[in-house]
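Visitor: Sharing upload30.pdb here; it has PDB, C-alpha atoms.
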```pdb
ATOM      1  CA  MET A   1       4.641 -22.590   9.343
ATOM      2  CA  ASN A   2       7.586 -21.741   7.114
ATOM      3  CA  LEU A   3       5.528 -22.597   4.039
ATOM      4  CA  PHE A   4       2.979 -19.946   5.022
ATOM      5  CA  TRP A   5       5.608 -17.183   5.076
ATOM      6  CA  GLU A   6       7.051 -18.304   1.747
ATOM      7  CA  TRP A   7       3.604 -18.077   0.151
ATOM      8  CA  PHE A   8       3.013 -14.765   1.881
ATOM      9  CA  ARG A   9       6.214 -13.397   0.296
ATOM     10  CA  VAL A  10       5.057 -14.661  -3.102
ATOM     11  CA  VAL A  11       1.732 -12.880  -2.651
ATOM     12  CA  LEU A  12       3.525  -9.663  -1.644
ATOM     13  CA  TYR A  13       5.845  -9.865  -4.667
ATOM     14  CA  ALA A  14       2.818 -10.445  -6.917
ATOM     15  CA  THR A  15       1.069  -7.463  -5.320
ATOM     16  CA  ALA A  16       4.133  -5.296  -5.872
ATOM     17  CA  GLY A  17       4.407  -6.435  -9.500
ATOM     18  CA  PHE A  18       0.726  -5.796 -10.164
ATOM     19  CA  GLY A  19       1.064  -2.399  -8.455
ATOM     20  CA  PHE A  20       4.035  -1.455 -10.630
ATOM     21  CA  GLY A  21       2.075  -2.396 -13.731
ATOM     22  CA  LEU A  22      -1.029  -0.524 -12.659
ATOM     23  CA  GLY A  23       1.003   2.482 -11.512
ATOM     24  CA  PHE A  24       2.971   2.769 -14.747
ATOM     25  CA  PHE A  25      -0.216   2.261 -16.760
ATOM     26  CA  SER A  26      -1.914   5.108 -14.874
ATOM     27  CA  ALA A  27       1.151   7.358 -14.988
ATOM     28  CA  PHE A  28       1.860   7.012 -18.702
ATOM     29  CA  TRP A  29      -1.661   6.488 -20.086
ATOM     30  CA  PRO A  30      -4.075   8.208 -17.683
ATOM     31  CA  ALA A  31      -6.851   8.509 -20.288
ATOM     32  CA  ARG A  32      -6.774   4.758 -20.932
ATOM     33  CA  SER A  33      -6.755   4.127 -17.198
ATOM     34  CA  ILE A  34      -9.863   6.276 -16.784
ATOM     35  CA  ARG A  35     -11.590   4.494 -19.688
ATOM     36  CA  LEU A  36     -10.704   1.118 -18.132
ATOM     37  CA  TYR A  37     -12.293   2.217 -14.858
ATOM     38  CA  GLN A  38     -15.381   3.443 -16.694
ATOM     39  CA  PHE A  39     -15.639   0.107 -18.515
ATOM     40  CA  LEU A  40     -15.346  -1.850 -15.267
ATOM     41  CA  MET A  41     -18.009   0.269 -13.607
ATOM     42  CA  LYS A  42     -20.301  -0.105 -16.645
ATOM     43  CA  CYS A  43     -20.140  -3.878 -16.090
ATOM     44  CA  PHE A  44     -21.752  -3.229 -12.697
ATOM     45  CA  ASN A  45     -24.383  -0.917 -14.214
ATOM     46  CA  TRP A  46     -22.700   2.275 -12.996
ATOM     47  CA  LYS A  47     -21.927   5.281 -15.156
ATOM     48  CA  VAL A  48     -18.995   7.399 -14.009
ATOM     49  CA  GLU A  49     -17.876  10.614 -15.678
ATOM     50  CA  PRO A  50     -15.196  13.020 -14.509
ATOM     51  CA  ILE A  51     -16.426  16.534 -13.777
ATOM     52  CA  ASP A  52     -13.166  18.146 -14.926
ATOM     53  CA  TYR A  53     -11.432  15.808 -17.393
ATOM     54  CA  GLU A  54      -8.091  17.656 -17.452
ATOM     55  CA  ARG A  55      -7.899  17.633 -13.660
ATOM     56  CA  GLU A  56      -8.775  13.940 -13.650
ATOM     57  CA  LEU A  57      -5.908  13.224 -16.060
ATOM     58  CA  ARG A  58      -3.440  15.084 -13.808
ATOM     59  CA  THR A  59      -4.714  13.340 -10.685
ATOM     60  CA  THR A  60      -4.609   9.899 -12.290
ATOM     61  CA  ARG A  61      -1.030  10.500 -13.417
ATOM     62  CA  LYS A  62       0.014  11.641  -9.910
ATOM     63  CA  PHE A  63      -1.624   8.673  -8.205
ATOM     64  CA  GLY A  64      -0.004   6.344 -10.733
ATOM     65  CA  TRP A  65       3.418   7.621  -9.706
ATOM     66  CA  LEU A  66       2.411   7.331  -6.039
ATOM     67  CA  ILE A  67       1.539   3.654  -6.564
ATOM     68  CA  VAL A  68       4.897   3.062  -8.278
ATOM     69  CA  PHE A  69       6.671   4.804  -5.386
ATOM     70  CA  LEU A  70       4.863   2.726  -2.733
ATOM     71  CA  CYS A  71       5.465  -0.521  -4.616
ATOM     72  CA  SER A  72       9.161   0.279  -4.838
ATOM     73  CA  PHE A  73       9.233   0.541  -1.025
ATOM     74  CA  LEU A  74       7.391  -2.772  -0.739
ATOM     75  CA  THR A  75       9.853  -4.438  -3.089
ATOM     76  CA  ALA A  76      12.831  -2.939  -1.265
ATOM     77  CA  ALA A  77      11.485  -4.202   2.069
ATOM     78  CA  LEU A  78      10.969  -7.689   0.629
ATOM     79  CA  VAL A  79      14.445  -7.837  -0.895
ATOM     80  CA  LYS A  80      16.052  -6.593   2.315
ATOM     81  CA  ASN A  81      14.574  -9.437   4.365
TER      82      ASN A  81
END
```
Show me, as structure tokens, the structure contained in the file I just sent.
Guide:
Amino acid sequence: MNLFWEWFRVVLYATAGFGFGLGFFSAFWPARSIRLYQFLMKCFNWKVEPIDYERELRTTRKFGWLIVFLCSFLTAALVKN
């Protein structure tokens, strides 16, 4: 049973690391983040376009910082235990 919790911690650390990367990517390069999302959706035969591009840039940047903030709490909780 101990092995399960060790792997679970590894998965949580990986999730936090991926979240930091995604959050910083969205916070510092929101236009590239939007283009990446559009590319991924195009692979599934979906076309997505923002209605207000400037608002979408601001929102993407804010949510990027929110992801970084939440991942910092996850990392702090993991380090504490």
Visitor: For range 59-72 of chain A, please output as number ranges by chain all residues within 12 Å (counting all atoms listed in the file; exclusion window: fewer than 3 positions along the same chain).
Guide: A: 12-35, 37, 50, 52-56, 75-79
Visitor: In Å, how far is it from CA of Asn81 in chain A to CA of Val10 in chain A?
Guide: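 CA of Val10 in chain A lies 13.2 Å from CA of Asn81 in chain A.
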Visitor: So how far away is CA of Leu74 in chain A from CA of Val11 in chain A, in Å?
Guide: 11.7 Å
Visitor: Please measure the separation of CA of Phe73 in chain A and CA of Leu40 in chain A, giving the value in Å to one decimal.
Guide: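 We find that CA of Phe73 in chain A and CA of Leu40 in chain A lie 28.5 Å from each other.
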